[in-house]
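Student: This is the structure I want to talk about, given as C-alpha cells.
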Amino acid sequence: MARTPSTMLELGTQAPDFALLEPASGNVVAREDFSGKPLLVAFICNHCPYVILIREAFAQLAREYQERGVAIVAINANDVENYPDDSPEKMVEEVQQHGYTFPYLFDETQAVAKAYQAACTPDLYLFDADHKLFYRGQFDDARPSNGVTASGSDLRHALDRLLDNMYPPDEQKASLGCNIKWKAGNEPDYYGH
C-alpha cells in the first residue's frame with residue numbers, strides 16, 4: 001500500500017461527466033442525474049485500510065447530508081483482476097454490510113478516475129449545485145494507526161459552508177490513502193506527482 005496524496009484538482013473545475021454501472025442495482029448512474037444539486041464524488045474501494053477506517057462515519061455523513069439535498073456517489077476504480085476484494089460482487093456486499101445509501105459505482109475502464117485526476121482511496125470531490133469544484137481533500141485527520149476517530153470534520157465543514165452559501169474553506173488538506181490500483185500500462189501521467 002503506497003501512501004498517496006490527492007492531486008488537489010483546481011477549485012472551480014467543472015465536474016467531469018460519468019455514466020457508470022451500479023453493481024447493487026444493475027443501473028447506470030450518470031452525473032447528469034444530479035443536475036442542480038450539490039454533488040459529492042468519493043473514490044473509494046473495499047479493501048483499503050484508509051477507507052475501512054472511515055466507512056462507517058462516511059456512511060453516517062452521507063445519510064445526514066443526503067437529507068439536506070446533497071447528492072452523493074462513490075466510485076471504485078481499482079483493477080479487480082489483481083485486487084479481487086474490490087470486484088463488483090464484493091461491492092454489492094459492501095453496500096449491504098455498511099448501509100450505503102448512495103450509489104457505489106464501478107469504473108471498470110478507470111477513465112472516470114483519470115478525468116477527476118483521482119490518485120488515492122479515499123479521494124473526495126465536493127461540487128456545488130452547478131457542479132463546480134468547491135472542496136477536494138481529506139475526510140478528516142484520521143489515519144490507520146494514528147488513534148484519531150473518524151468524524152468527517154473537514155468534509156462536514158466544507159459541506160456546511162456550501163449549504164450556507166459561503167466561500168470554500170481556505171484550508172483544504174490533501175486526502176491521503178492507498179493509491180488507486182491502476183491496470184498495468186494504464187497509470188495516468190499525473191500518478192505519483
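Simple scheme: letters A, B, ... for chains in C-alpha cells order, numbers from 1 for residues in each chain, numbers from 1 for ligands in the order shown.
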Quick one: everything within 10 Å of segment 143-156 of chain A, counting only C-alpha atoms, minus sequence neighbours fewer than 6 positions away in the same chain. Send it as a list of chain:residue names.

Tutor: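 Here the answer would be A:Leu40, A:Pro49, A:Tyr50, A:Val51, A:Ile52, A:Leu53, A:Ile54, A:Arg55, A:Glu56, A:Ala57, A:Phe58, A:Gln60, A:Leu61, A:Tyr65, A:Leu124, A:Tyr125, A:Leu126, A:Tyr135, A:Arg136, A:Gly137, A:Leu162, A:Pro169, A:Glu171, A:Gln172, A:Lys173, A:Leu176, A:Gly177.
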
Student: For the residues selected in the previous step, produce a file with N, CA, C and O atoms as an mmCIF file, in the first residue's frame.

Tutor:
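See again_9.cif below for the written result:
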```cif
data_model
loop_
_atom_site.group_PDB
_atom_site.id
_atom_site.type_symbol
_atom_site.label_atom_id
_atom_site.label_comp_id
_atom_site.auth_asym_id
_atom_site.auth_seq_id
_atom_site.Cartn_x
_atom_site.Cartn_y
_atom_site.Cartn_z
ATOM 1 N N LEU A 40 -21.291 15.232 -4.162
ATOM 2 C CA LEU A 40 -20.065 14.723 -3.562
ATOM 3 C C LEU A 40 -19.689 13.436 -4.278
ATOM 4 O O LEU A 40 -20.484 12.488 -4.323
ATOM 5 N N PRO A 49 -7.203 0.093 3.852
ATOM 6 C CA PRO A 49 -7.333 0.386 5.285
ATOM 7 C C PRO A 49 -7.788 1.819 5.575
ATOM 8 O O PRO A 49 -8.456 2.063 6.578
ATOM 9 N N TYR A 50 -7.447 2.753 4.706
ATOM 10 C CA TYR A 50 -7.858 4.148 4.902
ATOM 11 C C TYR A 50 -9.372 4.284 4.732
ATOM 12 O O TYR A 50 -10.020 5.043 5.447
ATOM 13 N N VAL A 51 -9.935 3.559 3.770
ATOM 14 C CA VAL A 51 -11.383 3.577 3.552
ATOM 15 C C VAL A 51 -12.091 2.808 4.668
ATOM 16 O O VAL A 51 -13.100 3.269 5.205
ATOM 17 N N ILE A 52 -11.539 1.647 5.028
ATOM 18 C CA ILE A 52 -12.144 0.841 6.093
ATOM 19 C C ILE A 52 -12.254 1.672 7.380
ATOM 20 O O ILE A 52 -13.266 1.616 8.078
ATOM 21 N N LEU A 53 -11.236 2.479 7.643
ATOM 22 C CA LEU A 53 -11.220 3.314 8.852
ATOM 23 C C LEU A 53 -12.383 4.306 8.884
ATOM 24 O O LEU A 53 -12.967 4.556 9.937
ATOM 25 N N ILE A 54 -12.735 4.877 7.730
ATOM 26 C CA ILE A 54 -13.746 5.949 7.718
ATOM 27 C C ILE A 54 -15.118 5.498 7.241
ATOM 28 O O ILE A 54 -16.063 6.283 7.293
ATOM 29 N N ARG A 55 -15.268 4.250 6.773
ATOM 30 C CA ARG A 55 -16.506 3.926 6.048
ATOM 31 C C ARG A 55 -17.768 4.067 6.882
ATOM 32 O O ARG A 55 -18.797 4.487 6.348
ATOM 33 N N GLU A 56 -17.724 3.710 8.169
ATOM 34 C CA GLU A 56 -18.930 3.865 8.991
ATOM 35 C C GLU A 56 -19.281 5.347 9.151
ATOM 36 O O GLU A 56 -20.443 5.745 9.017
ATOM 37 N N ALA A 57 -18.272 6.166 9.438
ATOM 38 C CA ALA A 57 -18.503 7.611 9.592
ATOM 39 C C ALA A 57 -18.929 8.233 8.265
ATOM 40 O O ALA A 57 -19.766 9.139 8.229
ATOM 41 N N PHE A 58 -18.373 7.728 7.156
ATOM 42 C CA PHE A 58 -18.754 8.251 5.840
ATOM 43 C C PHE A 58 -20.212 7.896 5.531
ATOM 44 O O PHE A 58 -20.967 8.731 5.031
ATOM 45 N N GLN A 60 -22.576 7.428 7.657
ATOM 46 C CA GLN A 60 -23.405 8.281 8.521
ATOM 47 C C GLN A 60 -23.488 9.695 7.957
ATOM 48 O O GLN A 60 -24.572 10.287 7.870
ATOM 49 N N LEU A 61 -22.342 10.251 7.563
ATOM 50 C CA LEU A 61 -22.312 11.591 6.972
ATOM 51 C C LEU A 61 -23.194 11.626 5.731
ATOM 52 O O LEU A 61 -23.968 12.569 5.528
ATOM 53 N N TYR A 65 -26.338 14.249 5.060
ATOM 54 C CA TYR A 65 -26.294 15.303 4.038
ATOM 55 C C TYR A 65 -27.186 14.990 2.840
ATOM 56 O O TYR A 65 -27.632 15.912 2.159
ATOM 57 N N LEU A 124 -11.846 12.648 -2.300
ATOM 58 C CA LEU A 124 -13.171 13.271 -2.171
ATOM 59 C C LEU A 124 -13.263 14.571 -2.955
ATOM 60 O O LEU A 124 -12.357 15.419 -2.882
ATOM 61 N N TYR A 125 -14.352 14.742 -3.676
ATOM 62 C CA TYR A 125 -14.592 15.924 -4.502
ATOM 63 C C TYR A 125 -16.006 16.425 -4.228
ATOM 64 O O TYR A 125 -16.976 15.711 -4.494
ATOM 65 N N LEU A 126 -16.126 17.642 -3.731
ATOM 66 C CA LEU A 126 -17.429 18.236 -3.457
ATOM 67 C C LEU A 126 -17.685 19.360 -4.453
ATOM 68 O O LEU A 126 -16.897 20.310 -4.538
ATOM 69 N N TYR A 135 -14.687 21.843 -2.935
ATOM 70 C CA TYR A 135 -13.759 21.282 -1.942
ATOM 71 C C TYR A 135 -13.194 19.985 -2.491
ATOM 72 O O TYR A 135 -13.909 19.199 -3.105
ATOM 73 N N ARG A 136 -11.912 19.780 -2.262
ATOM 74 C CA ARG A 136 -11.310 18.480 -2.523
ATOM 75 C C ARG A 136 -10.270 18.296 -1.438
ATOM 76 O O ARG A 136 -9.556 19.223 -1.060
ATOM 77 N N GLY A 137 -10.215 17.099 -0.906
ATOM 78 C CA GLY A 137 -9.269 16.884 0.174
ATOM 79 C C GLY A 137 -9.725 15.791 1.109
ATOM 80 O O GLY A 137 -10.520 14.928 0.749
ATOM 81 N N LEU A 162 -20.857 25.104 2.053
ATOM 82 C CA LEU A 162 -21.528 25.079 0.752
ATOM 83 C C LEU A 162 -23.032 25.290 0.919
ATOM 84 O O LEU A 162 -23.639 26.107 0.231
ATOM 85 N N PRO A 169 -13.767 26.512 2.051
ATOM 86 C CA PRO A 169 -12.807 26.618 3.150
ATOM 87 C C PRO A 169 -11.433 27.027 2.617
ATOM 88 O O PRO A 169 -11.001 26.531 1.566
ATOM 89 N N GLU A 171 -8.530 26.469 4.119
ATOM 90 C CA GLU A 171 -7.605 25.355 4.299
ATOM 91 C C GLU A 171 -8.256 24.076 3.797
ATOM 92 O O GLU A 171 -9.316 23.678 4.280
ATOM 93 N N GLN A 172 -7.636 23.469 2.807
ATOM 94 C CA GLN A 172 -8.101 22.196 2.280
ATOM 95 C C GLN A 172 -6.890 21.268 2.214
ATOM 96 O O GLN A 172 -5.993 21.458 1.408
ATOM 97 N N LYS A 173 -6.853 20.300 3.120
ATOM 98 C CA LYS A 173 -5.724 19.371 3.204
ATOM 99 C C LYS A 173 -5.947 18.202 2.249
ATOM 100 O O LYS A 173 -7.038 17.648 2.193
ATOM 101 N N LEU A 176 -5.264 11.473 1.976
ATOM 102 C CA LEU A 176 -4.134 10.550 1.949
ATOM 103 C C LEU A 176 -4.715 9.160 2.038
ATOM 104 O O LEU A 176 -5.617 8.904 2.847
ATOM 105 N N GLY A 177 -4.241 8.266 1.205
ATOM 106 C CA GLY A 177 -4.765 6.911 1.245
ATOM 107 C C GLY A 177 -3.935 5.990 0.389
ATOM 108 O O GLY A 177 -2.838 6.337 -0.041
#
```

Student: Taking only segment 124-166 of chain A into account, list the residues labelled strand (DSSP E or B) by DSSP (computed from the backbone), as a list in words.

Tutor: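 In segment 124-166 of chain A, DSSP puts these residues in strand (DSSP E or B): Leu124, Tyr125, Leu126, Phe127, Lys132, Leu133, Phe134, Tyr135, Arg136 and Gly137 of chain A.
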
Student: Convert the current residue selection to file output with all heavy atoms, as a compact mmCIF listing (two decimals), in the first residue's frame.

Tutor:
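And here's again15.txt as it stands now:
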```txt
# COMPACT_ATOMS: atom_id res chain seq x y z
N LEU A 124 -11.85 12.65 -2.30
CA LEU A 124 -13.17 13.27 -2.17
C LEU A 124 -13.26 14.57 -2.95
O LEU A 124 -12.36 15.42 -2.88
CB LEU A 124 -13.45 13.55 -0.69
CG LEU A 124 -13.32 12.34 0.23
CD1 LEU A 124 -13.32 12.77 1.69
CD2 LEU A 124 -14.44 11.35 -0.03
N TYR A 125 -14.35 14.74 -3.68
CA TYR A 125 -14.59 15.92 -4.50
C TYR A 125 -16.01 16.42 -4.23
O TYR A 125 -16.98 15.71 -4.49
CB TYR A 125 -14.48 15.58 -5.99
CG TYR A 125 -13.13 15.03 -6.39
CD1 TYR A 125 -12.82 13.70 -6.21
CD2 TYR A 125 -12.17 15.86 -6.95
CE1 TYR A 125 -11.57 13.19 -6.58
CE2 TYR A 125 -10.93 15.36 -7.32
CZ TYR A 125 -10.64 14.03 -7.13
OH TYR A 125 -9.41 13.54 -7.49
N LEU A 126 -16.13 17.64 -3.73
CA LEU A 126 -17.43 18.24 -3.46
C LEU A 126 -17.68 19.36 -4.45
O LEU A 126 -16.90 20.31 -4.54
CB LEU A 126 -17.48 18.78 -2.02
CG LEU A 126 -18.75 19.53 -1.64
CD1 LEU A 126 -19.99 18.65 -1.75
CD2 LEU A 126 -18.61 20.10 -0.21
N PHE A 127 -18.78 19.22 -5.20
CA PHE A 127 -19.15 20.20 -6.22
C PHE A 127 -20.42 20.93 -5.79
O PHE A 127 -21.28 20.36 -5.12
CB PHE A 127 -19.41 19.50 -7.56
CG PHE A 127 -18.21 18.80 -8.11
CD1 PHE A 127 -17.97 17.46 -7.79
CD2 PHE A 127 -17.29 19.46 -8.91
CE1 PHE A 127 -16.85 16.80 -8.28
CE2 PHE A 127 -16.17 18.82 -9.40
CZ PHE A 127 -15.94 17.48 -9.09
N LYS A 132 -19.45 22.84 -9.98
CA LYS A 132 -18.11 23.43 -9.95
C LYS A 132 -17.45 22.98 -8.64
O LYS A 132 -18.09 22.98 -7.58
CB LYS A 132 -18.17 24.96 -9.97
CG LYS A 132 -18.94 25.52 -11.15
CD LYS A 132 -18.07 25.63 -12.36
CE LYS A 132 -18.75 26.46 -13.44
NZ LYS A 132 -18.39 26.01 -14.79
N LEU A 133 -16.15 22.67 -8.72
CA LEU A 133 -15.46 22.11 -7.56
C LEU A 133 -15.35 23.13 -6.42
O LEU A 133 -14.83 24.23 -6.60
CB LEU A 133 -14.07 21.62 -7.96
CG LEU A 133 -13.30 20.84 -6.90
CD1 LEU A 133 -14.05 19.58 -6.47
CD2 LEU A 133 -11.91 20.47 -7.42
N PHE A 134 -15.84 22.74 -5.25
CA PHE A 134 -15.89 23.59 -4.07
C PHE A 134 -14.88 23.14 -3.02
O PHE A 134 -14.30 23.95 -2.30
CB PHE A 134 -17.32 23.52 -3.49
CG PHE A 134 -17.58 24.42 -2.32
CD1 PHE A 134 -17.97 25.74 -2.50
CD2 PHE A 134 -17.45 23.95 -1.01
CE1 PHE A 134 -18.24 26.57 -1.42
CE2 PHE A 134 -17.71 24.77 0.08
CZ PHE A 134 -18.10 26.10 -0.12
N TYR A 135 -14.69 21.84 -2.93
CA TYR A 135 -13.76 21.28 -1.94
C TYR A 135 -13.19 19.98 -2.49
O TYR A 135 -13.91 19.20 -3.11
CB TYR A 135 -14.49 20.99 -0.62
CG TYR A 135 -13.64 20.28 0.41
CD1 TYR A 135 -12.75 21.00 1.21
CD2 TYR A 135 -13.70 18.90 0.57
CE1 TYR A 135 -11.95 20.34 2.14
CE2 TYR A 135 -12.91 18.24 1.50
CZ TYR A 135 -12.03 18.98 2.28
OH TYR A 135 -11.23 18.33 3.20
N ARG A 136 -11.91 19.78 -2.26
CA ARG A 136 -11.31 18.48 -2.52
C ARG A 136 -10.27 18.30 -1.44
O ARG A 136 -9.56 19.22 -1.06
CB ARG A 136 -10.72 18.35 -3.93
CG ARG A 136 -9.43 19.14 -4.16
CD ARG A 136 -9.73 20.62 -4.27
NE ARG A 136 -8.59 21.39 -4.72
CZ ARG A 136 -7.89 22.22 -3.91
NH1 ARG A 136 -8.19 22.35 -2.63
NH2 ARG A 136 -6.90 22.92 -4.41
N GLY A 137 -10.21 17.10 -0.91
CA GLY A 137 -9.27 16.88 0.17
C GLY A 137 -9.72 15.79 1.11
O GLY A 137 -10.52 14.93 0.75
```

Student: Any idea what's packed within 8 Å of Lys183 of chain A, counting only C-alpha atoms, ignoring anything in its chain fewer than 2 positions away? Could you give it as a list in words?

Tutor: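 Selected residues are Asn78, Asp79, Lys181, Gly185, Asn186 and Glu187 of chain A.
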
Student: So how many Å separate atom CA of Ala30 of chain A and atom CA of Thr4 of chain A, to one decimal?

Tutor: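 Computing it gives 27.2 Å between the two atoms.
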
Student: Name the closest residue to Phe34 of chain A among the candidates A:Gly69, A:Pro122, A:Gly99, A:Pro5; distances are taken between atoms, counting only C-alpha atoms.

Tutor: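 Selected residue with least distance to Phe34 of chain A: A:Gly69.
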